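Participant: My file is final-v1.txt. It has compact mmCIF, C-alpha atoms and all ligand atoms:
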# COMPACT_ATOMS: atom_id res chain seq x y z
CA MET A 1 10.82 29.35 12.99
CA SER A 2 7.27 28.83 14.10
CA SER A 3 4.99 31.45 12.69
CA ASN A 4 1.34 32.26 13.17
CA LYS A 5 0.50 32.40 9.48
CA THR A 6 1.30 28.73 8.87
CA ARG A 7 -0.80 27.39 11.72
CA GLU A 8 -3.12 24.48 10.97
CA PRO A 9 -6.70 25.58 10.34
CA GLY A 10 -8.92 24.88 13.31
CA ALA A 11 -6.15 25.44 15.79
CA PRO A 12 -6.13 29.18 16.26
CA VAL A 13 -3.84 30.45 18.94
CA ALA A 14 -3.76 33.98 20.34
CA ALA A 15 -0.66 36.11 19.90
CA GLY A 16 2.00 35.26 22.44
CA MET A 17 0.55 31.80 22.96
CA ILE A 18 2.85 28.79 22.57
CA PRO A 19 1.21 26.57 19.93
CA LEU A 20 1.14 22.78 20.12
CA SER A 21 3.01 22.08 16.90
CA VAL A 22 3.36 24.25 13.81
CA PRO A 23 5.15 23.83 10.47
CA ASN A 24 8.77 24.84 10.12
CA ILE A 25 9.17 26.59 6.76
CA GLY A 26 12.70 27.93 6.83
CA GLY A 27 14.65 26.12 4.15
CA ARG A 28 14.58 26.31 0.37
CA GLU A 29 10.76 26.09 0.06
CA TRP A 30 10.45 29.61 -1.38
CA GLU A 31 13.21 29.03 -3.93
CA TYR A 32 11.73 25.73 -5.16
CA VAL A 33 8.14 27.02 -5.31
CA LYS A 34 9.34 30.07 -7.26
CA GLU A 35 10.96 27.69 -9.73
CA CYS A 36 7.56 25.99 -10.25
CA LEU A 37 5.82 29.30 -10.84
CA ASP A 38 8.57 30.66 -13.10
CA THR A 39 8.56 27.53 -15.27
CA GLY A 40 4.79 26.97 -15.27
CA TRP A 41 5.08 23.47 -13.81
CA VAL A 42 2.35 23.85 -11.19
CA SER A 43 0.17 20.79 -11.61
CA SER A 44 0.48 17.07 -10.94
CA VAL A 45 3.24 16.52 -13.49
CA GLY A 46 6.64 18.09 -13.08
CA PRO A 47 10.26 17.67 -12.10
CA PHE A 48 9.69 18.19 -8.37
CA VAL A 49 7.12 15.37 -8.18
CA GLU A 50 9.65 12.92 -9.61
CA ARG A 51 12.44 14.30 -7.48
CA PHE A 52 10.35 14.20 -4.30
CA GLU A 53 9.37 10.58 -4.98
CA ARG A 54 12.98 9.57 -5.66
CA GLU A 55 14.48 11.37 -2.66
CA PHE A 56 11.68 10.28 -0.34
CA ALA A 57 12.08 6.61 -1.34
CA GLU A 58 15.78 6.92 -0.61
CA ALA A 59 15.14 8.56 2.76
CA VAL A 60 12.83 5.79 3.96
CA GLY A 61 14.77 2.92 2.39
CA ALA A 62 12.01 1.80 0.02
CA PRO A 63 12.55 1.17 -3.70
CA HIS A 64 9.36 2.92 -4.86
CA ALA A 65 7.38 5.97 -3.76
CA VAL A 66 4.23 7.42 -5.30
CA ALA A 67 3.30 10.97 -4.30
CA VAL A 68 -0.40 11.38 -3.49
CA ALA A 69 -2.84 14.07 -2.36
CA SER A 70 -2.96 13.06 1.31
CA GLY A 71 -2.01 10.41 3.82
CA THR A 72 -5.61 9.22 3.82
CA ALA A 73 -5.43 8.78 0.02
CA ALA A 74 -2.20 6.78 0.41
CA LEU A 75 -3.90 4.43 2.90
CA HIS A 76 -7.04 4.11 0.78
CA VAL A 77 -5.06 3.07 -2.30
CA ALA A 78 -2.68 0.88 -0.29
CA LEU A 79 -5.57 -1.08 1.23
CA GLN A 80 -7.16 -1.48 -2.18
CA LEU A 81 -3.89 -2.72 -3.70
CA ALA A 82 -3.47 -5.12 -0.79
CA GLY A 83 -6.78 -6.65 -1.85
CA VAL A 84 -9.09 -5.49 0.94
CA GLY A 85 -12.68 -5.54 -0.30
CA PRO A 86 -16.33 -5.13 0.69
CA ASP A 87 -17.50 -6.75 3.95
CA GLU A 88 -13.99 -7.76 4.94
CA GLU A 89 -12.37 -6.64 8.19
CA VAL A 90 -9.08 -4.93 8.96
CA ILE A 91 -7.55 -4.82 12.45
CA LEU A 92 -6.64 -1.34 13.74
CA PRO A 93 -5.64 0.14 17.08
CA ALA A 94 -8.56 1.80 18.90
CA LEU A 95 -6.18 4.63 19.73
CA THR A 96 -5.48 6.55 16.55
CA PHE A 97 -6.55 9.51 14.48
CA ILE A 98 -9.66 8.45 12.53
CA ALA A 99 -8.23 8.57 8.98
CA PRO A 100 -7.04 4.93 8.67
CA ALA A 101 -10.43 3.64 9.87
CA ASN A 102 -12.16 5.88 7.33
CA ALA A 103 -9.88 4.55 4.57
CA VAL A 104 -11.05 1.03 5.43
CA ARG A 105 -14.67 2.16 5.12
CA TYR A 106 -14.03 3.81 1.72
CA LEU A 107 -13.55 0.22 0.44
CA ARG A 108 -16.78 -0.85 2.16
CA ALA A 109 -14.67 -2.95 4.50
CA TRP A 110 -14.86 -2.71 8.30
CA PRO A 111 -12.32 -1.85 10.95
CA VAL A 112 -11.91 -4.06 14.03
CA PHE A 113 -10.56 -2.03 16.94
CA LEU A 114 -8.15 -3.65 19.37
CA ASP A 115 -6.27 -2.25 22.33
CA VAL A 116 -2.79 -0.72 22.48
CA ASP A 117 -0.07 -1.62 24.95
CA PRO A 118 0.41 0.55 28.05
CA ASP A 119 4.08 1.36 27.53
CA ILE A 120 4.62 2.42 23.91
CA TRP A 121 0.89 2.90 23.14
CA GLN A 122 1.00 0.91 19.88
CA LEU A 123 -1.36 -1.81 18.62
CA ASP A 124 -0.85 -4.66 21.08
CA ALA A 125 0.39 -7.76 19.23
CA GLY A 126 -0.85 -9.87 22.16
CA ALA A 127 -4.37 -8.49 21.71
CA VAL A 128 -4.19 -9.23 17.97
CA ARG A 129 -3.04 -12.79 18.69
CA ARG A 130 -5.88 -13.32 21.20
CA PHE A 131 -8.46 -11.89 18.79
CA LEU A 132 -7.31 -14.15 15.95
CA SER A 133 -7.40 -17.27 18.13
CA ALA A 134 -10.33 -16.65 20.50
CA ASP A 135 -12.68 -14.46 18.43
CA CYS A 136 -12.08 -15.91 14.97
CA ARG A 137 -12.54 -19.22 13.24
CA ARG A 138 -10.64 -20.61 10.31
CA ASN A 139 -12.21 -22.05 7.15
CA ALA A 140 -10.87 -25.10 5.32
CA ASP A 141 -9.30 -22.75 2.75
CA GLY A 142 -7.34 -21.06 5.56
CA SER A 143 -9.38 -17.84 5.57
CA VAL A 144 -10.03 -16.22 8.97
CA TRP A 145 -13.55 -15.18 10.01
CA ASN A 146 -14.71 -13.02 12.90
CA ARG A 147 -17.17 -15.17 14.93
CA HIS A 148 -19.03 -12.09 16.21
CA THR A 149 -19.71 -10.40 12.87
CA GLY A 150 -19.45 -13.30 10.42
CA ARG A 151 -17.10 -11.17 8.33
CA ARG A 152 -13.80 -12.31 6.87
CA VAL A 153 -10.71 -10.81 8.54
CA ARG A 154 -8.47 -9.69 5.73
CA GLY A 155 -5.69 -7.55 7.14
CA ILE A 156 -3.88 -5.63 9.84
CA LEU A 157 -3.33 -1.87 9.68
CA PRO A 158 -0.85 -0.90 12.40
CA VAL A 159 -0.52 2.81 13.04
CA ASP A 160 2.83 4.15 14.25
CA ILE A 161 1.16 6.28 16.89
CA LEU A 162 2.73 9.66 17.75
CA GLY A 163 5.93 8.90 15.83
CA HIS A 164 6.86 5.60 17.49
CA PRO A 165 6.86 2.51 15.25
CA ALA A 166 4.47 -0.33 16.01
CA ASP A 167 5.89 -3.75 16.88
CA LEU A 168 6.22 -4.61 13.20
CA ASP A 169 8.00 -7.97 13.41
CA ALA A 170 5.38 -9.36 15.78
CA LEU A 171 2.50 -8.02 13.66
CA HIS A 172 4.03 -9.15 10.35
CA GLY A 173 4.55 -12.57 11.97
CA LEU A 174 0.86 -12.77 12.89
CA ALA A 175 -0.18 -11.57 9.43
CA GLU A 176 1.90 -14.31 7.79
CA GLU A 177 0.70 -16.98 10.21
CA HIS A 178 -2.96 -16.16 9.47
CA GLY A 179 -2.70 -15.29 5.78
CA LEU A 180 -3.52 -11.61 6.31
CA VAL A 181 -2.27 -8.57 4.43
CA LEU A 182 -0.52 -5.78 6.34
CA VAL A 183 -0.52 -2.10 5.41
CA GLU A 184 1.47 0.22 7.66
CA ASP A 185 0.17 3.67 8.60
CA ALA A 186 3.40 5.61 9.04
CA THR A 187 1.73 9.00 8.67
CA GLU A 188 2.99 10.01 12.12
CA SER A 189 6.37 8.27 12.10
CA LEU A 190 8.40 9.66 9.19
CA GLY A 191 12.03 9.75 10.34
CA ALA A 192 11.58 7.00 12.95
CA ARG A 193 13.59 3.79 12.95
CA TYR A 194 12.53 0.21 13.51
CA ARG A 195 15.40 -2.11 14.51
CA GLY A 196 17.85 0.35 12.99
CA GLN A 197 16.02 0.64 9.66
CA PRO A 198 13.93 3.63 8.59
CA VAL A 199 10.15 3.28 8.92
CA GLY A 200 8.87 2.68 5.39
CA SER A 201 11.37 -0.05 4.57
CA ARG A 202 9.73 -2.90 6.51
CA SER A 203 6.20 -3.30 5.09
CA MET A 204 5.08 -4.08 1.53
CA LEU A 205 2.83 -1.00 1.52
CA THR A 206 3.29 2.03 3.79
CA GLY A 207 1.45 5.35 3.86
CA PHE A 208 2.92 8.72 4.86
CA SER A 209 1.29 12.13 5.34
CA PHE A 210 2.49 15.69 4.74
CA ASN A 211 -0.49 17.37 6.36
CA GLY A 212 0.10 20.75 7.96
CA ASN A 213 0.60 19.33 11.44
CA LYS A 214 2.96 16.50 10.48
CA LEU A 215 6.73 16.49 10.96
CA LEU A 216 7.30 17.23 7.29
CA THR A 217 4.61 19.19 5.49
CA THR A 218 3.69 20.14 1.93
CA GLY A 219 0.61 21.99 3.17
CA GLY A 220 -1.27 18.79 2.46
CA GLY A 221 -0.10 15.63 0.78
CA GLY A 222 1.03 12.06 1.22
CA MET A 223 3.23 9.28 -0.10
CA LEU A 224 2.62 5.63 -0.74
CA VAL A 225 5.83 3.61 -0.60
CA THR A 226 6.25 0.00 -1.59
CA ARG A 227 8.91 -2.60 -2.16
CA ASP A 228 7.08 -3.91 -5.24
CA LEU A 229 7.45 -2.32 -8.69
CA GLU A 230 4.10 -3.70 -9.90
CA LEU A 231 2.27 -2.26 -6.88
CA ALA A 232 3.94 1.10 -7.47
CA ARG A 233 2.82 1.03 -11.09
CA LYS A 234 -0.76 0.17 -10.08
CA ALA A 235 -0.73 2.92 -7.41
CA ARG A 236 0.34 5.48 -10.00
CA TYR A 237 -2.40 4.27 -12.35
CA LEU A 238 -5.20 4.33 -9.75
CA THR A 239 -4.21 7.73 -8.39
CA THR A 240 -4.34 9.32 -11.88
CA GLN A 241 -7.91 8.25 -12.76
CA ALA A 242 -6.72 4.90 -14.18
CA LYS A 243 -6.04 6.43 -17.56
CA ASP A 244 -5.10 3.94 -20.30
CA ASP A 245 -4.97 6.37 -23.18
CA ALA A 246 -4.06 9.99 -22.56
CA VAL A 247 -5.23 11.14 -26.00
CA GLU A 248 -8.54 9.33 -26.36
CA PHE A 249 -9.25 9.33 -22.58
CA VAL A 250 -9.81 5.61 -22.18
CA HIS A 251 -9.96 4.51 -18.55
CA GLY A 252 -9.50 0.88 -17.56
CA ALA A 253 -10.91 1.15 -14.05
CA VAL A 254 -12.54 3.54 -11.61
CA GLY A 255 -9.55 5.51 -10.42
CA TYR A 256 -9.01 8.57 -8.25
CA ASN A 257 -7.71 12.09 -8.62
CA TYR A 258 -5.16 11.56 -5.87
CA ARG A 259 -1.93 13.02 -7.26
CA LEU A 260 0.28 15.56 -5.51
CA THR A 261 1.03 18.79 -7.39
CA ASN A 262 4.49 19.92 -8.43
CA VAL A 263 4.16 22.98 -6.15
CA GLN A 264 3.47 20.77 -3.14
CA ALA A 265 6.30 18.43 -4.14
CA ALA A 266 8.64 21.41 -4.36
CA ILE A 267 7.82 22.27 -0.74
CA GLY A 268 8.30 18.59 0.11
CA CYS A 269 11.78 18.51 -1.44
CA ALA A 270 12.82 21.50 0.64
CA GLN A 271 11.32 20.00 3.80
CA LEU A 272 12.98 16.65 3.18
CA GLU A 273 16.40 18.31 3.18
CA ARG A 274 15.78 19.06 6.86
CA LEU A 275 14.23 15.77 7.98
CA ALA A 276 17.20 14.60 10.06
CA GLU A 277 17.42 18.01 11.72
CA PHE A 278 13.66 17.95 12.50
CA VAL A 279 13.89 14.51 14.13
CA ALA A 280 16.97 15.52 16.14
CA THR A 281 15.10 18.61 17.38
CA LYS A 282 12.02 16.59 18.34
CA ARG A 283 14.21 14.17 20.29
CA ARG A 284 16.06 17.01 22.02
CA ILE A 285 12.74 18.57 23.09
CA ALA A 286 11.62 15.17 24.46
CA GLU A 287 14.87 14.78 26.42
CA THR A 288 14.48 18.20 28.00
CA TYR A 289 10.92 17.38 29.02
CA ALA A 290 11.97 13.95 30.37
CA THR A 291 14.63 15.53 32.57
CA ALA A 292 12.03 17.87 34.06
CA TRP A 293 9.49 15.10 34.77
CA ARG A 294 12.00 13.38 37.07
CA GLU A 295 11.19 16.11 39.57
CA ILE A 296 7.47 16.46 38.85
CA PRO A 297 5.46 13.49 40.18
CA GLY A 298 2.68 12.02 38.05
CA ILE A 299 3.89 13.14 34.60
CA THR A 300 5.24 10.34 32.39
CA ALA A 301 5.98 10.31 28.69
CA GLN A 302 5.14 7.71 26.06
CA GLY A 303 7.77 4.96 26.34
CA GLU A 304 10.29 4.02 23.67
CA ALA A 305 10.94 0.35 22.92
CA PRO A 306 14.57 -0.84 22.86
CA TRP A 307 14.11 -1.71 19.16
CA ALA A 308 12.71 1.69 18.25
CA ARG A 309 13.95 5.17 17.64
CA SER A 310 10.83 7.31 17.74
CA ALA A 311 10.51 10.42 15.58
CA LEU A 312 8.58 11.98 18.53
CA TRP A 313 6.15 13.62 16.11
CA LEU A 314 3.80 14.80 18.84
CA TYR A 315 5.26 14.77 22.35
CA THR A 316 2.64 13.34 24.70
CA VAL A 317 2.57 12.62 28.44
CA ARG A 318 0.23 10.81 30.81
CA VAL A 319 -1.06 12.86 33.70
CA ASP A 320 -1.65 10.68 36.76
CA ARG A 321 -4.30 12.52 38.77
CA ALA A 322 -3.45 10.66 42.00
CA ARG A 323 0.18 11.76 41.90
CA TYR A 324 0.03 15.10 40.08
CA GLY A 325 -3.11 16.30 41.82
CA ARG A 326 -4.89 17.31 38.60
CA GLY A 327 -6.21 15.36 35.65
CA SER A 328 -5.19 15.88 32.02
CA ARG A 329 -8.15 18.15 31.17
CA GLU A 330 -7.57 20.30 34.28
CA LEU A 331 -3.92 20.63 33.34
CA MET A 332 -4.97 21.50 29.78
CA ALA A 333 -7.16 24.33 31.13
CA ALA A 334 -4.43 25.53 33.50
CA LEU A 335 -1.82 25.61 30.72
CA ASP A 336 -4.29 27.34 28.40
CA SER A 337 -4.65 30.13 30.95
CA ASP A 338 -0.86 30.43 30.87
CA GLY A 339 -0.92 30.83 27.08
CA ILE A 340 0.18 27.28 26.32
CA GLN A 341 -1.71 25.15 23.81
CA THR A 342 -2.05 21.43 24.54
CA ARG A 343 -4.39 18.71 23.29
CA PRO A 344 -5.75 15.37 24.48
CA LEU A 345 -5.51 12.30 22.26
CA TRP A 346 -8.29 11.38 19.80
CA GLN A 347 -11.59 9.98 20.94
CA PRO A 348 -11.03 6.19 20.98
CA LEU A 349 -12.44 4.76 17.77
CA HIS A 350 -14.44 2.02 19.50
CA ARG A 351 -16.41 4.97 20.94
CA SER A 352 -16.59 7.02 17.74
CA PRO A 353 -20.10 7.75 16.42
CA ALA A 354 -18.60 7.47 12.93
CA HIS A 355 -17.65 3.82 13.44
CA GLN A 356 -20.54 2.37 15.39
CA GLY A 357 -21.00 -0.54 12.98
CA SER A 358 -17.54 -1.90 13.71
CA TRP A 359 -16.60 -4.65 16.14
CA SER A 360 -14.06 -3.95 18.86
CA GLY A 361 -12.31 -5.87 21.61
CA ASP A 362 -11.93 -4.60 25.16
CA CYS A 363 -9.75 -1.49 25.09
CA PRO A 364 -9.00 -0.50 28.70
CA VAL A 365 -5.53 0.87 27.92
CA THR A 366 -6.89 3.03 25.10
CA ASP A 367 -9.60 4.38 27.39
CA ARG A 368 -7.10 5.15 30.13
CA LEU A 369 -4.74 6.91 27.71
CA HIS A 370 -7.64 8.91 26.33
CA ALA A 371 -8.44 10.05 29.87
CA GLU A 372 -4.85 10.73 30.93
CA ALA A 373 -2.82 11.76 27.87
CA LEU A 374 -1.97 15.29 26.91
CA SER A 375 0.19 16.42 23.98
CA LEU A 376 2.52 19.31 24.79
CA PRO A 377 4.12 22.00 22.61
CA CYS A 378 6.85 20.45 20.48
CA SER A 379 7.24 22.49 17.29
CA THR A 380 10.65 22.05 15.70
CA GLY A 381 10.90 25.84 15.89
CA LEU A 382 10.15 25.89 19.64
CA ALA A 383 12.54 28.28 21.39
CA ALA A 384 14.42 27.14 24.51
CA ALA A 385 12.68 29.88 26.50
CA GLU A 386 9.27 28.63 25.36
CA LEU A 387 10.15 25.07 26.36
CA SER A 388 11.20 26.31 29.81
CA ARG A 389 7.95 28.25 30.07
CA VAL A 390 5.92 25.06 29.44
CA ILE A 391 7.93 23.08 32.00
CA GLU A 392 7.68 25.83 34.63
CA SER A 393 3.96 26.05 34.07
CA VAL A 394 3.49 22.27 34.54
CA ARG A 395 5.62 22.48 37.69
CA ARG A 396 3.62 25.42 39.08
CA HIS A 397 0.25 23.69 38.64
CA LEU A 398 1.38 20.59 40.54
CA ALA A 399 -1.31 20.13 43.17
CA ALA A 400 -0.33 16.90 44.86
C1 LIG A 501 -2.44 12.49 9.74
C2 LIG A 501 -2.85 11.08 9.78
C3 LIG A 501 -3.43 10.44 8.68
C4 LIG A 501 -3.93 11.14 7.45
O1 LIG A 501 -3.12 11.97 6.82
P1 LIG A 501 -3.73 13.16 5.92
O2 LIG A 501 -2.58 13.58 5.11
O3 LIG A 501 -4.21 14.20 6.87
O4 LIG A 501 -4.83 12.59 5.10
C5 LIG A 501 -3.67 9.09 8.74
N1 LIG A 501 -3.40 8.38 9.85
C6 LIG A 501 -2.91 8.98 10.95
C7 LIG A 501 -2.64 8.13 12.14
C8 LIG A 501 -2.63 10.34 10.97
O5 LIG A 501 -2.16 10.90 12.08
Represent the structure contained in this file as structure tokens.
Ligand SMILES: *Cc1c(COP(=O)(O)O)cnc(C)c1O

Facilitator:
Amino acid sequence: MSSNKTREPGAPVAAGMIPLSVPNIGGREWEYVKECLDTGWVSSVGPFVERFEREFAEAVGAPHAVAVASGTAALHVALQLAGVGPDEEVILPALTFIAPANAVRYLRAWPVFLDVDPDIWQLDAGAVRRFLSADCRRNADGSVWNRHTGRRVRGILPVDILGHPADLDALHGLAEEHGLVLVEDATESLGARYRGQPVGSRSMLTGFSFNGNKLLTTGGGGMLVTRDLELARKARYLTTQAKDDAVEFVHGAVGYNYRLTNVQAAIGCAQLERLAEFVATKRRIAETYATAWREIPGITAQGEAPWARSALWLYTVRVDRARYGRGSRELMAALDSDGIQTRPLWQPLHRSPAHQGSWSGDCPVTDRLHAEALSLPCSTGLAAAELSRVIESVRRHLAA
């Protein structure tokens, strides 16, 4: 059940208010954490870490999984292992939470922000293709260079936005054609499927997050999954301070303290047991909303591609002011006064003060979605009566 004490910091909600999305801690979390405390295995080594990695790899159809401190850490290490380095560029959608762009900067590389498509809101493969042909040149050695910045384009970082997978085949095809690496940000899409296969099984390196607001949470944490044993070994090495000798403390590289603790992994194991149930609940909530929107003009949900089965991490609609009679921010204020928490999407990254040094293409779809999108309550513990209350409130504020 949703509960006020597990709410994400920074998202306080008054009593009686319906929160946007809160963790669902109702399985064997307590039992597993107690086992950690009773046995003394509380730190970054322990049976639950190994078990979580094994069971998570199985769940996402990848041979190897390395538990890490956060989704951002997973992306940072994945990009480094993919070979992204200083002054190189990585293509990202302009519409995403900021973490993947920050991970690129940690390596002193630069993001390039391109637009998303208007239906499923994912990085637009057509925009990537146009960028690579019109805005880039190719050297004799096959390397691709951004004409505007003079920097080498090294990779693509698709983000499975809001739980829906990106168009992975098209993007992998472009990466292969242009000799680029591809790291997938699946921090929002755990439990989703791409062409029938679980997200996490398609790309060489994929990052997941168990932050407090994600579908599956460990309080904070992440997972790096890979199809390559050597990459998994290197990830484990880099995320444990690159220690070569545990007795004499000899370190072969500059590593990171990025490991997940056994206590967090214990929570993760309990959460993972309920993953299928969580996704089914998210999809049921989305269906109920979709049925209601058929009778409320101007409210449309993020689309789902025929090749995708979205995990519906954060249920989000577009509010068409011309047809609904109010814009997204007005609806947000109206719902807030009814005790319902909603949230717009992230500031587009081509407009972010944090990423001013980066090049971006035209992003009209991203800008429109930023203006029109609103995420609605969709906790897996959301009661049917609460869901009805949200729908009735949206219906009542219709001003067209
Ligand atoms: C949550 C999120 C991350 C980062 O995950 P943390 O575990 O919070 O570090 C990265 N990318 C996207 C798109 C996210 O939504």

Participant: Which chains and residue numbers are within 9 Å of ligand LIG 501 (chain A), counting all atoms listed in the file, if I want them as a tab-separated table (two decimals) with C-alpha atoms, in the coordinates of the input?

Facilitator:
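Saved file pocket10.tsv follows:
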chain	number	residue	atom	x	y	z
A	69	ALA	CA	-2.84	14.07	-2.36
A	70	SER	CA	-2.96	13.06	1.31
A	71	GLY	CA	-2.01	10.41	3.82
A	72	THR	CA	-5.61	9.22	3.82
A	73	ALA	CA	-5.43	8.78	0.02
A	74	ALA	CA	-2.20	6.78	0.41
A	75	LEU	CA	-3.90	4.43	2.90
A	96	THR	CA	-5.48	6.55	16.55
A	97	PHE	CA	-6.55	9.51	14.48
A	98	ILE	CA	-9.66	8.45	12.53
A	99	ALA	CA	-8.23	8.57	8.98
A	100	PRO	CA	-7.04	4.93	8.67
A	101	ALA	CA	-10.43	3.64	9.87
A	103	ALA	CA	-9.88	4.55	4.57
A	159	VAL	CA	-0.52	2.81	13.04
A	160	ASP	CA	2.83	4.15	14.25
A	161	ILE	CA	1.16	6.28	16.89
A	162	LEU	CA	2.73	9.66	17.75
A	185	ASP	CA	0.17	3.67	8.60
A	186	ALA	CA	3.40	5.61	9.04
A	187	THR	CA	1.73	9.00	8.67
A	188	GLU	CA	2.99	10.01	12.12
A	189	SER	CA	6.37	8.27	12.10
A	207	GLY	CA	1.45	5.35	3.86
A	208	PHE	CA	2.92	8.72	4.86
A	209	SER	CA	1.29	12.13	5.34
A	210	PHE	CA	2.49	15.69	4.74
A	211	ASN	CA	-0.49	17.37	6.36
A	212	GLY	CA	0.10	20.75	7.96
A	213	ASN	CA	0.60	19.33	11.44
A	214	LYS	CA	2.96	16.50	10.48
A	220	GLY	CA	-1.27	18.79	2.46
A	221	GLY	CA	-0.10	15.63	0.78
A	222	GLY	CA	1.03	12.06	1.22
A	223	MET	CA	3.23	9.28	-0.10

Participant: Return the single residue from A:Ala276, A:Ala59, A:Leu345, A:Val390 that is closest to Ala94 (chain A), with distances computed using all atoms listed in the file.

Facilitator: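 Of A:Ala276, A:Ala59, A:Leu345, A:Val390, the one nearest Ala94 (chain A), counting all atoms listed in the file, is A:Leu345.
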
Participant: Edge lengths and centre in Å to one decimal, as JSON, is what I'm after for the box along x, y and z that holds all listed atoms of region 304-309 of chain A once 3 Å is added on each side.

Facilitator:
{"center_x": 12.4, "center_y": 1.7, "center_z": 20.7, "size_x": 10.3, "size_y": 12.9, "size_z": 12.0}

Participant: Using all atoms listed in the file for the distances, tell me which of A:Arg396, A:Asp135, A:Gly191, A:Gly46 is nearest to Gly325 (chain A).

Facilitator: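 That would be A:Arg396, the residue with the smallest distance to Gly325 (chain A).
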
Participant: Which one of A:Leu369, A:Ala290, A:Thr218, A:Arg105 sits closest to Val263 (chain A) if you count all atoms listed in the file?

Facilitator: A:Thr218

Participant: Missing atoms in region 169-185 of chain A need filling: write out N, CA and C atoms for it as a CSV table (one decimal), keeping the file's coordinate frame.

Facilitator:
chain,number,residue,atom,x,y,z
A,169,ASP,N,7.7,-6.6,13.6
A,169,ASP,CA,8.0,-8.0,13.4
A,169,ASP,C,6.9,-8.9,14.0
A,170,ALA,N,6.4,-8.5,15.2
A,170,ALA,CA,5.4,-9.4,15.8
A,170,ALA,C,4.1,-9.3,14.9
A,171,LEU,N,3.7,-8.2,14.4
A,171,LEU,CA,2.5,-8.0,13.7
A,171,LEU,C,2.6,-8.6,12.3
A,172,HIS,N,3.8,-8.5,11.6
A,172,HIS,CA,4.0,-9.2,10.4
A,172,HIS,C,4.0,-10.7,10.5
A,173,GLY,N,4.6,-11.1,11.7
A,173,GLY,CA,4.6,-12.6,12.0
A,173,GLY,C,3.1,-13.1,12.1
A,174,LEU,N,2.3,-12.4,12.8
A,174,LEU,CA,0.9,-12.8,12.9
A,174,LEU,C,0.1,-12.7,11.5
A,175,ALA,N,0.4,-11.7,10.8
A,175,ALA,CA,-0.2,-11.6,9.4
A,175,ALA,C,0.2,-12.8,8.6
A,176,GLU,N,1.5,-13.2,8.6
A,176,GLU,CA,1.9,-14.3,7.8
A,176,GLU,C,1.3,-15.6,8.3
A,177,GLU,N,1.3,-15.8,9.6
A,177,GLU,CA,0.7,-17.0,10.2
A,177,GLU,C,-0.8,-17.2,9.8
A,178,HIS,N,-1.5,-16.1,9.7
A,178,HIS,CA,-3.0,-16.2,9.5
A,178,HIS,C,-3.4,-15.8,8.1
A,179,GLY,N,-2.4,-15.6,7.2
A,179,GLY,CA,-2.7,-15.3,5.8
A,179,GLY,C,-3.3,-13.9,5.6
A,180,LEU,N,-2.9,-12.9,6.4
A,180,LEU,CA,-3.5,-11.6,6.3
A,180,LEU,C,-2.6,-10.7,5.6
A,181,VAL,N,-3.1,-9.6,5.0
A,181,VAL,CA,-2.3,-8.6,4.4
A,181,VAL,C,-2.0,-7.6,5.5
A,182,LEU,N,-0.9,-6.8,5.4
A,182,LEU,CA,-0.5,-5.8,6.3
A,182,LEU,C,-0.2,-4.5,5.6
A,183,VAL,N,-0.8,-3.4,5.9
A,183,VAL,CA,-0.5,-2.1,5.4
A,183,VAL,C,-0.1,-1.3,6.6
A,184,GLU,N,1.0,-0.6,6.5
A,184,GLU,CA,1.5,0.2,7.7
A,184,GLU,C,1.1,1.7,7.5
A,185,ASP,N,0.5,2.2,8.6
A,185,ASP,CA,0.2,3.7,8.6
A,185,ASP,C,1.3,4.4,9.3
